[in-house]
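Structure first, commentary second.
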Amino acid sequence: MAGRIIACATYIPFLRLTRAEYRKAWGRCAADIGEKAVADFDEDAVTMAVEAGRQVLALVDAAGVRVLALASTTLPYAEKMAAGTVAAALGLPEKVTSVELGTSARAGTEALLSALALLGGEEGTALVLAADCPAASPGEDLDHALGAAACAFVLAAGSGGVEFEGAASRVTERLGERFVPRGAVRIRDVAVRTYTGEAYAATVGAVVRDLLERLGRRPGDYRYVVLPQFDGRQTASLGRRLGFTSEQMEAGLIFARVGDTGVCASLLGFCAVLEQASPGDRILVAGYGSGCGGQALSFVVREPVLRPPHGLHYWLERKRYIDYLHYLKLRLKEQLL
Amino acid sequence: MGAHISVPMYQRAVPQRYRLVGLRCRNCGRVNFPPKGVCRYCGVGADFEECRLSGRGTVHSWTLIAGAGAPPEFAAEAACKGSYPVVLVELDEGPRIIAQMVDPPEEGPRIGMRVEAVFRRIYEEEGVIRYGFKFRPMT
Amino acid sequence: MKQVAIVGAGQTAFGDFPEKGVKELFAEAYFEMLKSVDKGLDPAMIEAAYLGCLSAGGGFQLGQLAPLLLGYVGLPHVPAVRLENACASGGFALYAAVCAVASGHFKVVLAGGVEKMRDLSGQKGRYWLGVSGDTEYERLAGCTFAGIYALMANRYMFEYGLTRRQLSLVAVKNHRHAVANPKAQFRRAVTLEEAMEGPTVAHPLNIWDCSPTSDGAALVLICSAELAREFTDRPVYVVGFGAAGDYLALHDRSDITKLRATRQAARAAYQQAGLGPGDIDLAEVHDCFTIAELLAYEDLGFCEEGKAAWLLEEGHTSFGGRLPVNVSGGLKAKGHPLGATGCGQACEIFAQLRGQAVEPSRQVPGAEIALSHNVGGSGGTATVFIYRGGS
C-alpha cells in the first residue's frame, strides 16, 4: 500500500481552560495539562473538521478529492452521515468515497490507513479529517484532560511528499478502559490509573515494536516519534521505555497545551512534526484506542508538505482564556438547550 | 421553541448556508446573495449563474445581543456566552449579509474590521442541527 | 378619488391588562369610538372593517380574528379582514380603509387594530416579535428587532457622530410627553442618567431605547368627506396618504441609515396633500427604538441628513417646540401594541387636531396639519398619513 501525504492543516478552538482554573474550582487538576482547548458552544467535531478541511482545500483542488475519511468519537449524530455535512460544506464532489471511523480514539490513524487503502494507488486525492471534542462528566477526573482539536491531511498515491512506508496494527480485548455506553455522550472508565497506564503502555508499546521489527528499523532511525497523548507523563515514559530520546519526541508533544484531543491525540503532534520536517527525516506516528488496539505508521519525508498560512503554532497562540464557570456551562450545554 | 424554519426549507438553502453559493446576474454581472428571483442591482436580470463567495468581507455594522434579549432558539447560547456579537458584513464580492461573529476580540467588533466566514452550528430544532456560516475576525 | 375624513376615534389605554383579552380590548376601543362621534353613529352604517393584528395568527391561533371581534360588538355580518404587516399592521389597516373609501367603493368603514402581547411568556413574546423580520437570515443570526435597529444605530453613529447621550434624549423626551397622557403605558419621566445607564439589550441600545410590549386596541371611523358633516362638525381630513416597501432584510438595503420605505411613503403623502415637511404642526412617528425616531426626522424631511440629533437637542421636536413629535409619548412611552399602534397614532392626531387632547396641558396649540408614520419591522413596510383639521 503505497501513498504519500501532500498537505496538512490543524485547527484548535479559540477557548482555553487552564490548570489553575481546575485548581480554583476543584482544588486540584487531575491532568498534567498547562491548559486545554475547549470547543465553543457552536462548535462540534463536524465544524472543526470543516475548519481544518477548508485550510487544506485552499492548497489542493477540491474537485480532485476522491476519498473522504472522517475520524471522530464525537460526531454529533449517533446515526447519520457526518461525511455528507462535511462534504457539502467543503464543496467536495458527491462522487467521493467516504468512510467514517470513530469507535475509539484510534480512528485518527485508522482514517489515514483507510484513505491510503481506498486510494488504491489510483489518481486523485484522499482527504483525511480528524476532529474531536471528547467530554466526560465534569465531576470526574477523566474530564480534566479532555480538549478539542482537528487536523486535515491530503493524501495521494505514488511517491514523493511524505511517503508512507508501512504500518503495524493490533487489536485485543480490554474491558472498561475508555468507553461511551450506547445512548450516552460522556466518556467513562474504571478510574484505576495503574490499569489505564498499563493498558496504554502495553498496547502502544507492542505495536511500535511490531512496526520497527517489520521495517527492520531501530528507534534511532527516526528523526521524529509521535505517540498518542492522553496524558503527558505516560507518553514521555513510554517513549523512554521504547528507546526514543526526548529530542525525537519533543516536537510532537503538545498535550500540555491542548489536552486529550481524542482522535487527534497523535495526529495533531504529527502535523506539528510535518510542519518542521526536512527531506530525509523519518517519522513514526502511533494511534491508540481504549486499551483495545494500537497502530503505528512509518513515513519518510521526500519533500515538505503543503501548509496553509496558519500553522499549528498560530492556532496554539490564538486563544482566549475562559473561567471554569464558563467551561461548565459549555459542558452542560445539553441541559441548557 | 425555535424559529420554525422547516427542515425542507433549511435544506433548500444548504448551498448558501454551508458554502455561500451566490448568484451572478448574467445581465449586469453582479453577485446576489442570498439568491434573488430578480437581480437586486440591475432590477431586470432574472438569469443567473451560481458562484461561490470567498467568505471574506468587512464589518459594515455590528451589535452585541445581550443574554436576556436573545430569540428563544439562541437563549442557551446567550446564557452560555453572556452576549454574542452580530455583524452586518459587506462581502468582498459586493453583497452584504448578517451573521453572528465568533471569537470576537476583547474590545468587541468594530466597523471596518476584516472578517472571514466560518462553519458553525446555528441552532437545533426537531433534533436536527442547523449548520451555517458565521464570521470570525481575520488575521 | 374621493376625499376621506376621520369622524370618530377610540382607543384603550396601552399597557398591561391581564383581565382583558383581544375581544374586550377591541370592544373598549369600539365603544369609545362610538362615543366620540359627535352626532352619533348608527353601527348599521359600517360597511367594512380593516383590523391590524400581528400575534393573533400564530401566537393565539386566532386566524380569523376580524369576524370574531366584529361579532363581539354586534356586527357579525360586516366584512372584516385582519391585516398583518408587522408593526405597521395598524398603519396598513388604516391605509386599506382610506383607499377603500377614496375609491368610492365604501362610504363608512372602520380601521383599527388590537394586540395582546402581555399574555405571552417572555420566550413566546420574543419568538413572535422575531417573525416580522427576515427570518431566514436575520433571525438565524440570533438577531432580534432591537439587534437590527442596533445595527442601524451603530452605523448611523459611525457616519454622523451621533452619541449615546443623544439617543437617550429621545427616550427622555417621549417619557416626559407620556406623563400627561392617560392612555400611555409609562406615565413616568426618566432622567438622562437613568436612560443612559439601562441594561443593554443590543448594543448600543439599552432597555430605555426600546419600546415595550403592550396590550391595546385603537379604532378610527373613516368616511367619505361628503358624509363627514353628518357625523361631526369637526372632522379630520386625511389629505395625504402613502405606503411603501423595501427589501425586508437589512443586508439587502444599500443604506442602513435611512428607511427608504418611509421616504417613499412620505413623498407620496406630501405630494397628494400638496404640503411639505415645513407645514406639519405635529407628528406621531414610529419610535419603536430611539434611533428610529431620529431616522424618521430625516426620512420625513423634518431635517437634513445627519441633523436629527440637532433637531432634537434644540427642542424643536419637544412639546412646545416648532414641530412636536410624539406628544403622546410615542411607541416608546405610550406603548406599542403592534397592530393597534398605527391607528393609535391616528387617534392621538384626531384628538389634537380637534383641540381635544384628553389632558388640556398636552394639547398642541393651534395645530392644523399633522402627520403619522408607522413602520413595519425594520422598514420592510411603512405608511405615512397627513391630516388636516376641519375647523
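Ordered as shown in the C-alpha cells, chains take letters A, B, and onward, while each chain numbers its residues from 1 and ligands are numbered from 1 in the order shown.
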Could you tell me, as a ChimeraX atom specification, which residues of segment 38-81 of chain A DSSP assigns to strand (DSSP E or B) when given the backbone? /A:38,65-71
Proximity check chain B to chain C, 10 Å, nearest pairs one decimal Å, only C-alpha atoms, as a tab-separated table:
```
residue	atom	partner	partner_atom	distance
B:Met1	CA	C:Tyr127	CA	7.9
B:Gly2	CA	C:Tyr127	CA	7.3
B:Ala3	CA	C:Tyr127	CA	7.2
B:His4	CA	C:Thr135	CA	8.9
B:Ile5	CA	C:Glu136	CA	7.4
B:Met9	CA	C:Glu136	CA	9.2
B:Tyr10	CA	C:Glu136	CA	8.5
B:Ala13	CA	C:Glu136	CA	9.2
B:Arg17	CA	C:Tyr137	CA	9.4
B:Asn32	CA	C:Asp252	CA	9.3
B:Phe33	CA	C:Asp252	CA	8.6
B:Pro34	CA	C:Asp252	CA	8.7
B:Arg40	CA	C:Asp252	CA	7.8
B:Tyr41	CA	C:Ser254	CA	9.9
B:His60	CA	C:Arg155	CA	7.3
B:Ser61	CA	C:Arg155	CA	5.4
B:Trp62	CA	C:Leu151	CA	5.3
B:Thr63	CA	C:His203	CA	5.2
B:Leu64	CA	C:His203	CA	5.0
B:Ile65	CA	C:Ala202	CA	4.5
B:Ala66	CA	C:Val201	CA	5.2
B:Gly67	CA	C:Val201	CA	8.1
B:Ala68	CA	C:Val201	CA	7.4
B:Gly69	CA	C:Val201	CA	5.7
B:Ala70	CA	C:Gly142	CA	6.5
B:Pro71	CA	C:Arg126	CA	5.7
B:Pro72	CA	C:Gln123	CA	5.6
B:Glu73	CA	C:Gly142	CA	8.0
B:Phe74	CA	C:Gly142	CA	6.0
B:Ala75	CA	C:Gln123	CA	8.9
B:Glu77	CA	C:Gly142	CA	9.4
B:Ala78	CA	C:Gly142	CA	9.1
B:Ser83	CA	C:Ala202	CA	9.0
B:Tyr84	CA	C:Gly142	CA	8.6
B:Pro85	CA	C:Ala202	CA	9.0
B:Val86	CA	C:Ala141	CA	6.7
B:Val87	CA	C:Leu151	CA	7.8
B:Leu88	CA	C:His251	CA	6.8
B:Val89	CA	C:His251	CA	8.1
B:Glu90	CA	C:His251	CA	8.5
B:Pro95	CA	C:Asp252	CA	7.6
B:Arg96	CA	C:His251	CA	5.0
B:Ile97	CA	C:His251	CA	5.1
B:Ile98	CA	C:Glu138	CA	6.1
B:Ala99	CA	C:Ala141	CA	4.4
B:Gln100	CA	C:Ala141	CA	5.2
B:Met101	CA	C:Ala141	CA	9.0
B:Arg110	CA	C:Asn154	CA	9.5
B:Ile111	CA	C:Phe158	CA	7.9
B:Ile122	CA	C:Leu140	CA	6.9
B:Tyr123	CA	C:Leu140	CA	8.0
B:Arg130	CA	C:Leu140	CA	9.6
B:Gly132	CA	C:Leu140	CA	9.1
B:Phe133	CA	C:Ala141	CA	9.1
B:Lys134	CA	C:Ala141	CA	7.9
```
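Using only C-alpha atoms, one finds that the residues of chain A close to chain B, at 6 Å or less, are Asp42, Glu43, Thr47, Ala89, Lys329, Leu336 and Leu337 of chain A.
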Could you save the residues just selected, with N, CA and C atoms, as a CSV table (one decimal), in the first residue's frame?
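As a result, selection37.csv now contains:
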```csv
chain,number,residue,atom,x,y,z
A,42,ASP,N,-21.0,26.6,19.7
A,42,ASP,CA,-21.5,26.3,18.4
A,42,ASP,C,-20.5,25.5,17.6
A,43,GLU,N,-19.6,24.9,18.3
A,43,GLU,CA,-18.6,24.0,17.6
A,43,GLU,C,-18.9,22.5,17.9
A,47,THR,N,-17.9,20.8,12.7
A,47,THR,CA,-17.5,22.2,12.3
A,47,THR,C,-16.0,22.3,12.4
A,89,ALA,N,-20.2,21.2,3.0
A,89,ALA,CA,-19.6,22.4,3.5
A,89,ALA,C,-18.3,22.7,2.7
A,329,LYS,N,-20.6,25.7,31.8
A,329,LYS,CA,-21.8,26.0,31.0
A,329,LYS,C,-21.7,25.3,29.7
A,336,LEU,N,-28.9,23.1,28.9
A,336,LEU,CA,-29.4,24.5,28.7
A,336,LEU,C,-30.3,24.6,27.5
A,337,LEU,N,-30.1,23.6,26.5
A,337,LEU,CA,-30.9,23.7,25.3
A,337,LEU,C,-32.3,23.4,25.5
```
Work out how far atom CA of Asp246 of chain C is from atom CA of Ser378 of chain C, in Å to one decimal. 9.6 Å
re atom CA of Val190 of chain C and atom CA of Lys258 of chain C: distance 27.5 Å
Write out as a PyMOL selection string all residues of segment 107-250 of chain A that backbone DSSP assigns to helix (DSSP H, G or I). chain A and resi 107-119+141-145+193-215+219-221+232-241+246-250
Within 12 Å of Ala178 of chain C, counting only C-alpha atoms, which residues show up once you throw out same-chain ones fewer than 5 positions away? Write them as a PyMOL selection string, please. chain C and resi 13-14+171-173+183-190+318-319+325-335+348+359+361-362
How would the residues just chosen look if you wrote them out with C-alpha atoms as a CSV table (one decimal), in the first residue's frame?
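Output below, filename selection39.csv:
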```
chain,number,residue,atom,x,y,z
C,13,ALA,CA,-55.0,52.8,27.3
C,14,PHE,CA,-51.9,50.9,26.2
C,171,ALA,CA,-36.3,58.4,25.5
C,172,VAL,CA,-36.3,61.3,27.9
C,173,LYS,CA,-38.5,63.5,25.7
C,183,LYS,CA,-53.6,56.4,27.6
C,184,ALA,CA,-49.9,55.9,27.9
C,185,GLN,CA,-48.2,52.8,29.3
C,186,PHE,CA,-45.4,54.6,31.1
C,187,ARG,CA,-46.6,57.8,32.6
C,188,ARG,CA,-43.3,58.5,34.3
C,189,ALA,CA,-40.4,60.7,33.3
C,190,VAL,CA,-36.9,59.3,33.0
C,318,SER,CA,-40.4,68.6,22.1
C,319,PHE,CA,-43.9,69.7,23.3
C,325,VAL,CA,-43.0,64.8,17.8
C,326,ASN,CA,-44.7,62.0,19.7
C,327,VAL,CA,-46.6,64.2,22.2
C,328,SER,CA,-48.5,61.1,23.0
C,329,GLY,CA,-45.3,59.5,24.4
C,330,GLY,CA,-44.8,57.6,21.2
C,331,LEU,CA,-44.3,53.9,20.9
C,332,LYS,CA,-41.5,54.3,23.4
C,333,ALA,CA,-43.6,55.5,26.3
C,334,LYS,CA,-47.3,55.4,25.2
C,335,GLY,CA,-46.7,51.8,24.3
C,348,GLU,CA,-54.0,60.9,19.0
C,359,GLU,CA,-55.4,66.5,29.3
C,361,SER,CA,-52.0,70.6,29.3
C,362,ARG,CA,-50.8,68.4,26.4
```
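Atom to atom, atom CA of Tyr30 of chain C and atom CA of Gln11 of chain C stand 7.6 Å apart.
Comparing C:Cys87, C:Ala296, C:Cys53, C:Val22 by their smallest distance to Glu284 of chain C, the closest is C:Ala296 (using only C-alpha atoms).
With only C-alpha atoms taken into account, the protein and nucleic acid residues at most 9 Å from Gly232 of chain A (excluding it and anything under 3 positions from it in its own chain) are Ala31, Asp32, Ile33, Gln229, Thr235, Ala236, Ser237, Leu253, Ile254, Phe255, Ala256 and Gly259 of chain A.
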